[in-house]
Amino acid sequence: MSGIVVVGNGMAGSRFVTEMRDRDRKMPLTVFGAEAQQPYNRVLLSNVLAGASRPDQIGLVDPSWYERHGVDARLGVEIVRIDRERRLVHASDGGVTPYRTLVIATGSTAIVPPLPGTGDGLPAGAVAFRTLDDCVRILEAAEGAKHAVVVGGGLLGIEAARGLAGRGLDVTVVHLAGHLMERQLDPGAGRVLARTLGRLGIRARLEISVSALRTEEAASGTRVSGVELANGEFLSADVVVLACGVRPDVALAREAGLEIDRGIVVDEMLRSVSDPSVRAIGECSQYGGTVYGLVAPAWEQAAILADLLAETDVDARFTGAREITRLKAASVELATMGETHHGDEDPDVEVVRFADPARGTYKKVVIKDDRLIGAILLGETGTAGTLTQLYDRAAPLPSDRLSLLFPGINGAPVSDSPVRMPDAATVCQCNNVSKGQIRACWEHGARTVEEVAARTRASTGCGGCRDAVEGIVCWLDEQEAAPTG
Ligand SMILES: Cc1cc2nc3c(=O)[nH]c(=O)nc-3n(C[C@H](O)[C@H](O)[C@H](O)COP(=O)(O)OP(=O)(O)OC[C@H]3O[C@@H](n4cnc5c(N)ncnc54)[C@H](O)[C@@H]3O)c2cc1C
């Protein structure tokens, strides 16, 4: 009997499979994953690069889980063609599998710019950063290396740069735009970030592109020796990490005749607009003109699709997601959300800003109609949780705007206090877990972050909310221990 076939076993595909099995124990379920290993938390690759986690600590679904749950998992097998007419998928091992519903979760691939020196693939020592294999290759290249160049100063490039600098390498980030992380930061914040990174041994070369990779012959074969910049300058490097952005992996879907814009165009039930028996989730899908590049929307889509296909909530709909980003880089606190680029000249918005570049601090909130529409917290993120909640719920703001930036000022809480947090507040953005759910979990006996994580999944995405979850658990413990009456 044909059932659901999932193409792609990354963060969206693997989450969909587990969500589906939670709701329906019998539905025939097959998942194909081009990567041979068990699915892993891609978000935490930056921690692996930095040495804060080991590869074996970031697995998502244990291989034995599939057998125990009657899921046919084909790891290391790629789907090479979709035959929509006959509802079949053709795999790289020659197998042909029928489907009733096809879920495409092929994610994105790293963009490798067409540079001289990359003609026959990347030379040893030059790696595009997307997969666990890439991460292992970067770590191998970094062993005993002195100089690294990271091409691309977005979130991923900076996390890679920080990881390599933490391993003692001298790191230069080469970035085409005028300031770092230009998608999330305004120029002022970008400057402060560059200064902070400078103190950590990371140089930023801005408004310049890499024009070629240079190679040399070593005993082990051809390997990278550095990069040439557009102005003719040469930067010597033993390791070159390419973090030049990603492109939704839609080749299969395009060949199958599905409508593609940047991603596979889907409706709010995550159905391809060309074929309702095909669904698309995660970074390969595009809803409402947006391709989301974060894990929270991918996991939300996975849960919604499981609700729809298992018919546990036939009214479930994906209506878009808010984008909240936290940098995972030691000694660089950074959280951003929403629209951050507004300046003082925009009459419709109110911008409150504080900058102390010497100490690496830059804070900004953007307010419209008394609601928070964007924020940057760099260097000190004590109000990140509060701002996230205000942004998430589009709640009215306190008239004292400074309290949004400075914990403890004018009677504002010293930090994001669990006491003041409403039960509806989202604590774990990646998994959409509220304070109320954590409280309920605690009331049912979970007394540690690990127990809460096992039951709710809170803190198992980027890990940025771990302190907040711990704070809530400790606060509930204290409440219980406090004498009553
Ligand atoms: C280093 C790094 C750090 C990140 N940090 C953050 C962060 O802090 N916060 C955040 O929200 N997001 C972060 N992201 C982004 C996040 O990882 C992605 O949004 C998320 O992985 C998207 O999930 P996905 O399943 O759509 O794609 P992926 O996780 O890429 O999974 C797609 C899978 O499909 C497989 N596949 C592709 N084609 C086929 C085929 N034809 N047949 C079979 N399998 C196929 C691929 O091999 C891959 O395993 C980070 C990403 C990286 C690389």
# chains A, B, ... in the order shown; residues from 1 in each chain; ligands from 1
call {"tool": "residues_around", "arguments": {"residues": "A:Thr215", "least_positions_apart": "6", "cutoff": "6 Å", "atoms": "only C-alpha atoms", "output": "ChimeraX atom specification"}}
result
/A:223-225
call {"tool": "residues_near_ligand", "arguments": {"ligand": "ligand 1", "cutoff": "8 Å", "atoms": "only C-alpha atoms and all ligand atoms", "output": "CSV table (one decimal) with all heavy atoms, in the first residue's frame"}}
result
chain,number,residue,atom,x,y,z
A,7,VAL,N,11.1,13.1,0.9
A,7,VAL,CA,12.4,13.3,0.3
A,7,VAL,C,13.2,14.3,1.0
A,7,VAL,O,12.8,15.5,1.0
A,7,VAL,CB,12.2,13.7,-1.2
A,7,VAL,CG1,13.6,13.7,-1.9
A,7,VAL,CG2,11.3,12.8,-1.9
A,8,GLY,N,14.2,13.9,1.7
A,8,GLY,CA,15.1,14.8,2.5
A,8,GLY,C,14.9,14.5,4.0
A,8,GLY,O,13.7,14.5,4.5
A,9,ASN,N,16.0,14.1,4.6
A,9,ASN,CA,15.9,13.7,6.1
A,9,ASN,C,16.7,14.7,6.9
A,9,ASN,O,17.4,14.3,7.8
A,9,ASN,CB,16.4,12.3,6.2
A,9,ASN,CG,15.9,11.7,7.5
A,9,ASN,OD1,14.9,12.1,8.1
A,9,ASN,ND2,16.6,10.6,7.9
A,10,GLY,N,16.6,16.0,6.6
A,10,GLY,CA,17.3,17.0,7.3
A,10,GLY,C,16.4,17.5,8.5
A,10,GLY,O,15.6,16.7,9.1
A,11,MET,N,16.5,18.7,8.9
A,11,MET,CA,15.8,19.2,10.1
A,11,MET,C,14.3,19.2,9.9
A,11,MET,O,13.5,18.9,10.8
A,11,MET,CB,16.3,20.6,10.5
A,11,MET,CG,17.8,20.5,10.9
A,11,MET,SD,18.4,21.9,11.8
A,11,MET,CE,17.7,21.6,13.4
A,12,ALA,N,13.8,19.6,8.7
A,12,ALA,CA,12.3,19.6,8.4
A,12,ALA,C,11.8,18.1,8.2
A,12,ALA,O,10.8,17.7,8.8
A,12,ALA,CB,12.0,20.4,7.2
A,13,GLY,N,12.5,17.4,7.3
A,13,GLY,CA,12.0,16.0,7.0
A,13,GLY,C,12.0,15.1,8.2
A,13,GLY,O,11.0,14.4,8.4
A,14,SER,N,13.1,15.1,9.0
A,14,SER,CA,13.2,14.2,10.1
A,14,SER,C,12.1,14.6,11.2
A,14,SER,O,11.5,13.8,11.8
A,14,SER,CB,14.6,14.2,10.7
A,14,SER,OG,14.9,15.4,11.2
A,32,PHE,N,13.6,9.2,2.5
A,32,PHE,CA,14.9,9.1,1.8
A,32,PHE,C,15.8,10.3,2.2
A,32,PHE,O,15.4,11.5,2.2
A,32,PHE,CB,14.7,9.2,0.3
A,32,PHE,CG,14.0,8.0,-0.3
A,32,PHE,CD1,12.7,8.0,-0.4
A,32,PHE,CD2,14.8,7.0,-0.8
A,32,PHE,CE1,12.0,6.9,-0.9
A,32,PHE,CE2,14.2,5.9,-1.3
A,32,PHE,CZ,12.8,5.8,-1.4
A,33,GLY,N,17.1,10.0,2.6
A,33,GLY,CA,18.0,11.0,3.0
A,33,GLY,C,19.3,10.9,2.2
A,33,GLY,O,19.9,9.8,2.3
A,34,ALA,N,19.7,11.9,1.5
A,34,ALA,CA,20.9,11.8,0.7
A,34,ALA,C,22.1,11.7,1.6
A,34,ALA,O,23.1,11.1,1.3
A,34,ALA,CB,21.0,13.0,-0.2
A,35,GLU,N,22.1,12.3,2.8
A,35,GLU,CA,23.2,12.2,3.8
A,35,GLU,C,23.1,10.8,4.4
A,35,GLU,O,22.0,10.4,4.8
A,35,GLU,CB,23.2,13.3,4.8
A,35,GLU,CG,23.4,14.7,4.2
A,35,GLU,CD,23.4,15.8,5.2
A,35,GLU,OE1,24.4,16.0,5.9
A,35,GLU,OE2,22.4,16.5,5.4
A,39,PRO,N,19.9,11.8,10.9
A,39,PRO,CA,19.7,13.2,10.9
A,39,PRO,C,20.2,13.9,12.1
A,39,PRO,O,20.3,13.3,13.2
A,39,PRO,CB,18.1,13.4,10.8
A,39,PRO,CG,17.6,12.0,11.2
A,39,PRO,CD,18.6,11.0,10.9
A,41,ASN,N,21.2,17.9,14.1
A,41,ASN,CA,20.8,19.3,14.3
A,41,ASN,C,21.8,20.2,13.6
A,41,ASN,O,22.9,20.5,14.1
A,41,ASN,CB,20.7,19.7,15.8
A,41,ASN,CG,20.2,21.0,16.0
A,41,ASN,OD1,20.2,21.9,15.1
A,41,ASN,ND2,19.6,21.2,17.2
A,42,ARG,N,21.5,20.6,12.4
A,42,ARG,CA,22.4,21.4,11.5
A,42,ARG,C,22.8,22.7,12.2
A,42,ARG,O,23.9,23.2,12.1
A,42,ARG,CB,21.7,21.7,10.2
A,42,ARG,CG,22.6,22.1,9.1
A,42,ARG,CD,21.8,22.2,7.8
A,42,ARG,NE,21.2,21.0,7.3
A,42,ARG,CZ,21.8,20.0,6.8
A,42,ARG,NH1,23.1,20.0,6.7
A,42,ARG,NH2,21.2,18.9,6.4
A,43,VAL,N,21.8,23.3,12.9
A,43,VAL,CA,22.0,24.6,13.6
A,43,VAL,C,23.3,24.5,14.5
A,43,VAL,O,24.0,25.5,14.7
A,43,VAL,CB,20.8,24.9,14.4
A,43,VAL,CG1,21.0,26.1,15.4
A,43,VAL,CG2,19.6,25.2,13.5
A,44,LEU,N,23.5,23.3,15.1
A,44,LEU,CA,24.6,23.2,16.1
A,44,LEU,C,25.9,22.8,15.4
A,44,LEU,O,26.9,22.6,16.1
A,44,LEU,CB,24.2,22.1,17.1
A,44,LEU,CG,23.0,22.4,18.0
A,44,LEU,CD1,22.7,21.3,19.0
A,44,LEU,CD2,23.1,23.8,18.6
A,45,LEU,N,26.0,22.8,14.1
A,45,LEU,CA,27.3,22.6,13.5
A,45,LEU,C,28.3,23.7,13.8
A,45,LEU,O,29.5,23.5,14.0
A,45,LEU,CB,27.1,22.6,11.9
A,45,LEU,CG,26.4,21.3,11.3
A,45,LEU,CD1,26.3,21.4,9.8
A,45,LEU,CD2,27.2,20.1,11.8
A,46,SER,N,27.7,24.9,14.0
A,46,SER,CA,28.6,26.0,14.5
A,46,SER,C,29.3,25.7,15.8
A,46,SER,O,30.4,26.0,16.0
A,46,SER,CB,27.9,27.3,14.6
A,46,SER,OG,27.3,27.6,13.3
A,76,GLY,N,21.4,7.7,3.1
A,76,GLY,CA,22.4,7.6,2.0
A,76,GLY,C,21.8,7.3,0.7
A,76,GLY,O,22.6,7.0,-0.3
A,77,VAL,N,20.5,7.5,0.5
A,77,VAL,CA,19.9,7.2,-0.8
A,77,VAL,C,19.2,8.5,-1.3
A,77,VAL,O,18.4,9.1,-0.5
A,77,VAL,CB,18.8,6.1,-0.7
A,77,VAL,CG1,18.2,5.8,-2.1
A,77,VAL,CG2,19.5,4.8,-0.1
A,78,GLU,N,19.5,8.9,-2.4
A,78,GLU,CA,19.0,10.2,-3.0
A,78,GLU,C,17.9,9.9,-4.0
A,78,GLU,O,17.9,8.9,-4.7
A,78,GLU,CB,20.2,10.8,-3.7
A,78,GLU,CG,19.9,12.3,-4.1
A,78,GLU,CD,21.1,12.8,-4.9
A,78,GLU,OE1,22.2,12.3,-4.8
A,78,GLU,OE2,20.9,13.9,-5.5
A,79,ILE,N,16.9,10.7,-4.0
A,79,ILE,CA,15.8,10.6,-5.0
A,79,ILE,C,16.3,11.4,-6.2
A,79,ILE,O,16.7,12.6,-6.1
A,79,ILE,CB,14.5,11.2,-4.4
A,79,ILE,CG1,14.0,10.2,-3.4
A,79,ILE,CG2,13.5,11.3,-5.6
A,79,ILE,CD1,13.8,8.8,-3.8
A,80,VAL,N,16.3,10.8,-7.4
A,80,VAL,CA,16.8,11.4,-8.6
A,80,VAL,C,15.7,11.8,-9.5
A,80,VAL,O,15.9,12.6,-10.4
A,80,VAL,CB,17.8,10.5,-9.3
A,80,VAL,CG1,19.1,10.3,-8.4
A,80,VAL,CG2,17.2,9.1,-9.6
A,81,ARG,N,14.5,11.3,-9.3
A,81,ARG,CA,13.4,11.7,-10.2
A,81,ARG,C,12.1,11.5,-9.6
A,81,ARG,O,11.8,10.5,-8.9
A,81,ARG,CB,13.5,10.9,-11.6
A,81,ARG,CG,12.5,11.5,-12.6
A,81,ARG,CD,12.9,10.9,-14.0
A,81,ARG,NE,12.5,9.6,-14.2
A,81,ARG,CZ,11.3,9.2,-14.6
A,81,ARG,NH1,10.4,10.1,-14.9
A,81,ARG,NH2,11.1,7.9,-14.8
A,91,ALA,N,15.0,6.3,-7.1
A,91,ALA,CA,16.1,6.6,-6.2
A,91,ALA,C,17.5,6.3,-6.8
A,91,ALA,O,17.5,5.6,-7.8
A,91,ALA,CB,16.0,5.8,-4.9
A,105,ALA,N,11.4,17.8,1.2
A,105,ALA,CA,12.1,18.6,2.3
A,105,ALA,C,13.5,18.5,2.0
A,105,ALA,O,14.4,18.1,2.8
A,105,ALA,CB,11.8,17.9,3.7
A,106,THR,N,13.9,19.0,0.8
A,106,THR,CA,15.3,18.9,0.3
A,106,THR,C,16.2,20.0,0.8
A,106,THR,O,17.4,20.1,0.5
A,106,THR,CB,15.3,18.8,-1.2
A,106,THR,OG1,14.4,19.8,-1.7
A,106,THR,CG2,14.8,17.4,-1.7
A,107,GLY,N,15.6,21.0,1.5
A,107,GLY,CA,16.4,22.1,2.1
A,107,GLY,C,17.1,22.9,1.1
A,107,GLY,O,16.6,23.3,0.0
A,108,SER,N,18.4,23.3,1.4
A,108,SER,CA,19.1,24.2,0.5
A,108,SER,C,20.5,23.6,0.3
A,108,SER,O,21.0,22.8,1.1
A,108,SER,CB,19.4,25.6,1.2
A,108,SER,OG,18.2,26.2,1.6
A,109,THR,N,21.2,24.2,-0.7
A,109,THR,CA,22.6,23.8,-0.8
A,109,THR,C,23.4,25.1,-0.7
A,109,THR,O,22.9,26.2,-1.1
A,109,THR,CB,22.9,23.1,-2.2
A,109,THR,OG1,22.1,23.8,-3.2
A,109,THR,CG2,22.6,21.7,-2.1
A,129,PHE,N,30.2,25.6,3.8
A,129,PHE,CA,29.8,25.2,5.2
A,129,PHE,C,28.3,24.9,5.2
A,129,PHE,O,27.5,25.9,5.2
A,129,PHE,CB,30.2,26.3,6.2
A,129,PHE,CG,30.0,25.9,7.6
A,129,PHE,CD1,29.9,24.6,8.0
A,129,PHE,CD2,29.8,26.9,8.6
A,129,PHE,CE1,29.8,24.3,9.4
A,129,PHE,CE2,29.7,26.6,9.9
A,129,PHE,CZ,29.6,25.3,10.3
A,130,ARG,N,27.9,23.6,5.1
A,130,ARG,CA,26.4,23.4,5.2
A,130,ARG,C,26.2,22.1,6.0
A,130,ARG,O,25.2,21.9,6.7
A,130,ARG,CB,25.9,23.3,3.8
A,130,ARG,CG,24.4,22.9,3.7
A,130,ARG,CD,23.5,24.0,4.2
A,130,ARG,NE,22.1,23.6,4.3
A,130,ARG,CZ,21.1,24.3,4.8
A,130,ARG,NH1,21.3,25.6,5.1
A,130,ARG,NH2,19.9,23.9,4.9
A,131,THR,N,27.0,21.0,5.8
A,131,THR,CA,26.7,19.7,6.3
A,131,THR,C,27.7,19.3,7.4
A,131,THR,O,28.8,19.9,7.5
A,131,THR,CB,26.7,18.7,5.2
A,131,THR,OG1,28.1,18.5,4.7
A,131,THR,CG2,25.8,19.1,4.0
A,155,LEU,N,25.5,35.6,9.0
A,155,LEU,CA,25.5,34.8,10.3
A,155,LEU,C,26.4,33.6,10.3
A,155,LEU,O,27.2,33.4,11.2
A,155,LEU,CB,24.0,34.4,10.6
A,155,LEU,CG,23.8,33.6,11.8
A,155,LEU,CD1,23.2,34.5,12.9
A,155,LEU,CD2,22.9,32.4,11.6
A,156,LEU,N,26.3,32.8,9.3
A,156,LEU,CA,27.0,31.6,9.2
A,156,LEU,C,28.5,31.8,9.1
A,156,LEU,O,29.3,31.2,9.8
A,156,LEU,CB,26.6,30.8,7.9
A,156,LEU,CG,26.7,29.4,7.9
A,156,LEU,CD1,25.8,28.8,9.0
A,156,LEU,CD2,26.3,28.8,6.6
A,159,GLU,N,29.8,32.9,12.5
A,159,GLU,CA,29.9,31.7,13.4
A,159,GLU,C,31.1,30.9,13.1
A,159,GLU,O,31.8,30.4,13.9
A,159,GLU,CB,28.6,30.9,13.4
A,159,GLU,CG,27.4,31.7,14.0
A,159,GLU,CD,26.2,30.9,14.2
A,159,GLU,OE1,26.1,29.8,13.7
A,159,GLU,OE2,25.2,31.4,14.8
A,160,ALA,N,31.3,30.7,11.8
A,160,ALA,CA,32.5,29.9,11.4
A,160,ALA,C,33.8,30.6,11.8
A,160,ALA,O,34.7,30.0,12.3
A,160,ALA,CB,32.5,29.6,9.9
A,249,ASP,N,17.0,23.9,-2.6
A,249,ASP,CA,17.4,22.8,-3.5
A,249,ASP,C,16.1,22.3,-4.1
A,249,ASP,O,15.3,21.5,-3.6
A,249,ASP,CB,17.9,21.6,-2.6
A,249,ASP,CG,18.7,20.6,-3.4
A,249,ASP,OD1,18.4,20.5,-4.6
A,249,ASP,OD2,19.5,19.9,-2.8
A,252,LEU,N,14.9,18.8,-8.3
A,252,LEU,CA,14.0,17.7,-8.5
A,252,LEU,C,12.6,18.2,-8.8
A,252,LEU,O,11.9,17.7,-9.7
A,252,LEU,CB,13.9,16.9,-7.2
A,252,LEU,CG,14.6,15.7,-6.9
A,252,LEU,CD1,14.1,15.1,-5.6
A,252,LEU,CD2,14.4,14.7,-8.0
A,281,ILE,N,8.1,21.4,2.6
A,281,ILE,CA,8.4,22.1,3.9
A,281,ILE,C,9.8,22.4,4.1
A,281,ILE,O,10.7,21.8,3.4
A,281,ILE,CB,7.9,21.2,5.1
A,281,ILE,CG1,8.6,19.8,5.1
A,281,ILE,CG2,6.4,21.0,5.2
A,281,ILE,CD1,8.3,19.0,6.4
A,282,GLY,N,10.1,23.3,5.0
A,282,GLY,CA,11.5,23.7,5.2
A,282,GLY,C,12.1,24.7,4.2
A,282,GLY,O,11.3,25.4,3.5
A,283,GLU,N,13.4,24.7,4.1
A,283,GLU,CA,14.0,25.7,3.2
A,283,GLU,C,13.8,25.6,1.7
A,283,GLU,O,14.2,26.5,1.0
A,283,GLU,CB,15.5,25.7,3.5
A,283,GLU,CG,15.9,26.4,4.8
A,283,GLU,CD,17.4,26.6,5.0
A,283,GLU,OE1,18.2,26.3,4.1
A,283,GLU,OE2,17.7,27.1,6.1
A,284,CYS,N,13.3,24.5,1.3
A,284,CYS,CA,13.0,24.3,-0.2
A,284,CYS,C,11.6,24.9,-0.5
A,284,CYS,O,11.3,25.0,-1.7
A,284,CYS,CB,13.1,22.9,-0.6
A,284,CYS,SG,11.8,21.8,0.1
A,285,SER,N,10.8,25.2,0.5
A,285,SER,CA,9.5,25.7,0.2
A,285,SER,C,9.4,27.2,0.3
A,285,SER,O,10.2,27.9,0.9
A,285,SER,CB,8.5,25.0,1.1
A,285,SER,OG,8.6,25.6,2.4
A,292,TYR,N,11.9,30.7,4.1
A,292,TYR,CA,12.4,30.9,5.4
A,292,TYR,C,13.7,30.1,5.5
A,292,TYR,O,13.8,29.0,5.2
A,292,TYR,CB,11.4,30.4,6.5
A,292,TYR,CG,10.2,31.2,6.5
A,292,TYR,CD1,9.1,30.9,5.8
A,292,TYR,CD2,10.2,32.4,7.3
A,292,TYR,CE1,7.9,31.7,5.9
A,292,TYR,CE2,9.1,33.2,7.3
A,292,TYR,CZ,7.9,32.9,6.6
A,292,TYR,OH,6.8,33.7,6.6
A,293,GLY,N,14.7,30.8,6.1
A,293,GLY,CA,16.1,30.2,6.3
A,293,GLY,C,16.4,29.8,7.7
A,293,GLY,O,17.5,29.8,8.1
A,294,LEU,N,15.3,29.6,8.5
A,294,LEU,CA,15.5,29.3,9.9
A,294,LEU,C,14.8,28.0,10.3
A,294,LEU,O,13.9,27.6,9.6
A,294,LEU,CB,15.0,30.5,10.8
A,294,LEU,CG,15.7,31.8,10.6
A,294,LEU,CD1,14.9,32.9,11.3
A,294,LEU,CD2,17.1,31.7,11.1
A,295,VAL,N,15.2,27.5,11.4
A,295,VAL,CA,14.6,26.2,11.7
A,295,VAL,C,13.2,26.3,12.3
A,295,VAL,O,12.4,25.4,12.2
A,295,VAL,CB,15.6,25.4,12.7
A,295,VAL,CG1,15.6,26.0,14.1
A,295,VAL,CG2,15.3,23.9,12.7
A,296,ALA,N,12.9,27.4,13.0
A,296,ALA,CA,11.6,27.5,13.7
A,296,ALA,C,10.5,27.3,12.7
A,296,ALA,O,9.5,26.5,12.9
A,296,ALA,CB,11.5,28.7,14.5
A,298,ALA,N,10.6,25.9,9.8
A,298,ALA,CA,10.6,24.5,9.2
A,298,ALA,C,10.0,23.5,10.2
A,298,ALA,O,9.2,22.6,9.8
A,298,ALA,CB,12.1,24.1,9.0
A,324,ILE,N,13.5,35.4,14.0
A,324,ILE,CA,14.3,35.9,15.2
A,324,ILE,C,15.6,35.1,15.1
A,324,ILE,O,15.6,33.9,14.8
A,324,ILE,CB,13.5,35.5,16.5
A,324,ILE,CG1,12.2,36.3,16.5
A,324,ILE,CG2,14.4,35.8,17.7
A,324,ILE,CD1,11.3,35.8,17.6
A,325,THR,N,16.7,35.8,15.2
A,325,THR,CA,18.0,35.3,15.0
A,325,THR,C,18.9,35.5,16.2
A,325,THR,O,18.9,36.6,16.8
A,325,THR,CB,18.7,35.9,13.8
A,325,THR,OG1,17.8,36.0,12.7
A,325,THR,CG2,20.0,35.2,13.4
A,326,ARG,N,19.6,34.4,16.6
A,326,ARG,CA,20.6,34.6,17.7
A,326,ARG,C,21.9,34.1,17.2
A,326,ARG,O,21.9,33.0,16.6
A,326,ARG,CB,20.2,33.8,18.9
A,326,ARG,CG,19.4,34.6,19.9
A,326,ARG,CD,19.3,33.8,21.2
A,326,ARG,NE,20.0,34.4,22.3
A,326,ARG,CZ,19.5,35.0,23.3
A,326,ARG,NH1,18.2,34.9,23.5
A,326,ARG,NH2,20.2,35.5,24.3
A,327,LEU,N,23.0,34.8,17.3
A,327,LEU,CA,24.3,34.4,16.9
A,327,LEU,C,24.8,33.4,17.9
A,327,LEU,O,24.7,33.6,19.1
A,327,LEU,CB,25.2,35.6,16.8
A,327,LEU,CG,26.6,35.4,16.1
A,327,LEU,CD1,26.4,35.2,14.6
A,327,LEU,CD2,27.5,36.6,16.4
A,328,LYS,N,25.4,32.3,17.5
A,328,LYS,CA,26.0,31.3,18.4
A,328,LYS,C,27.5,31.5,18.3
A,328,LYS,O,28.2,30.7,17.5
A,328,LYS,CB,25.6,29.9,18.0
A,328,LYS,CG,24.0,29.8,18.0
A,328,LYS,CD,23.6,28.4,17.6
A,328,LYS,CE,24.0,28.0,16.2
A,328,LYS,NZ,23.6,28.9,15.1
A,430,CYS,N,12.6,28.0,18.6
A,430,CYS,CA,12.7,27.0,17.6
A,430,CYS,C,11.6,26.0,17.6
A,430,CYS,O,11.2,25.5,16.6
A,430,CYS,CB,14.1,26.3,17.8
A,430,CYS,SG,15.5,27.4,17.5
A,461,GLY,N,16.7,23.2,19.9
A,461,GLY,CA,16.9,23.8,18.5
A,461,GLY,C,18.3,24.4,18.6
A,461,GLY,O,19.3,23.7,18.6
A,462,CYS,N,18.3,25.8,18.6
A,462,CYS,CA,19.6,26.5,18.6
A,462,CYS,C,20.2,26.5,20.0
A,462,CYS,O,21.4,26.8,20.2
A,462,CYS,CB,19.5,27.9,18.1
A,462,CYS,SG,18.6,29.0,19.2
call {"tool": "atom_distance", "arguments": {"atom1": "atom CA of A:Arg353", "atom2": "atom CA of A:Ala424"}}
result
28.3 Å
call {"tool": "residues_around", "arguments": {"residues": "A:Glu233", "least_positions_apart": "3", "cutoff": "12 Å", "atoms": "only C-alpha atoms", "output": "list in words"}}
result
Val174, Arg205, Ile208, Ser209, Val210, Ser211, Ala212, Leu213, Arg214, Gly226, Val227, Glu228, Leu229, Ala230 and Ser236 of chain A
call {"tool": "residues_around", "arguments": {"residues": "A:Val171", "least_positions_apart": "4", "cutoff": "10 Å", "atoms": "only C-alpha atoms", "output": "ChimeraX atom specification"}}
result
/A:146-150,160-166,197-198,200-204,237,239-240
call {"tool": "closest_residue", "arguments": {"among": "A:Ile82, A:Ala73, A:Val449, A:Leu372", "to": "A:Ala251", "atoms": "only C-alpha atoms"}}
result
A:Ile82
call {"tool": "closest_residue", "arguments": {"among": "A:Thr97, A:Ser277, A:Ser399, A:Ser331", "to": "A:Leu309", "atoms": "only C-alpha atoms"}}
result
A:Ser277
call {"tool": "select_by_dssp", "arguments": {"residues": "stretch 1-117 of chain A", "states": "helix (DSSP H, G or I)", "output": "VMD selection string"}}
result
chain A and resid 11 to 23 42 to 50 55 to 57 63 to 68
call {"tool": "atom_distance", "arguments": {"atom1": "atom CA of A:Cys465", "atom2": "atom CA of A:Gly338"}}
result
18.3 Å
call {"tool": "select_by_dssp", "arguments": {"residues": "stretch 83-317 of chain A", "states": "strand (DSSP E or B)", "output": "PyMOL selection string"}}
result
chain A and resi 83+88-91+96-98+101-104+108-110+124+126-128+147-151+170-174+202-205+210-218+221-229+234-236+239-242+246-248+260+264-266+271-272+275-280+285-287+290
call {"tool": "residues_around", "arguments": {"residues": "A:Val265", "least_positions_apart": "5", "cutoff": "9 Å", "atoms": "only C-alpha atoms", "output": "list in words"}}
result
Leu258, Glu259, Ile260, Leu270, Arg271, Ser272, Val273, Ser274, Ala280, Ser285, Gln286, Tyr287, Gly288 and Gly289 of chain A
call {"tool": "residues_around", "arguments": {"residues": "A:Gly343", "least_positions_apart": "5", "cutoff": "9 Å", "atoms": "only C-alpha atoms", "output": "ChimeraX atom specification"}}
result
/A:186,349-351,366
call {"tool": "residues_around", "arguments": {"residues": "A:Glu182", "least_positions_apart": "3", "cutoff": "12 Å", "atoms": "only C-alpha atoms", "output": "PyMOL selection string"}}
result
chain A and resi 152-155+158+175-179+185-191+193-194+206-207+336+339-341
call {"tool": "atom_distance", "arguments": {"atom1": "atom CA of A:Arg86", "atom2": "atom CA of A:Pro28"}}
result
18.0 Å
call {"tool": "closest_residue", "arguments": {"among": "A:Gly445, A:Pro347, A:Gly232, A:Gly382", "to": "A:Lys368", "atoms": "only C-alpha atoms"}}
result
A:Pro347
call {"tool": "closest_residue", "arguments": {"among": "A:Thr172, A:Thr386, A:Gln437, A:Thr448", "to": "A:Met421", "atoms": "only C-alpha atoms"}}
result
A:Thr386
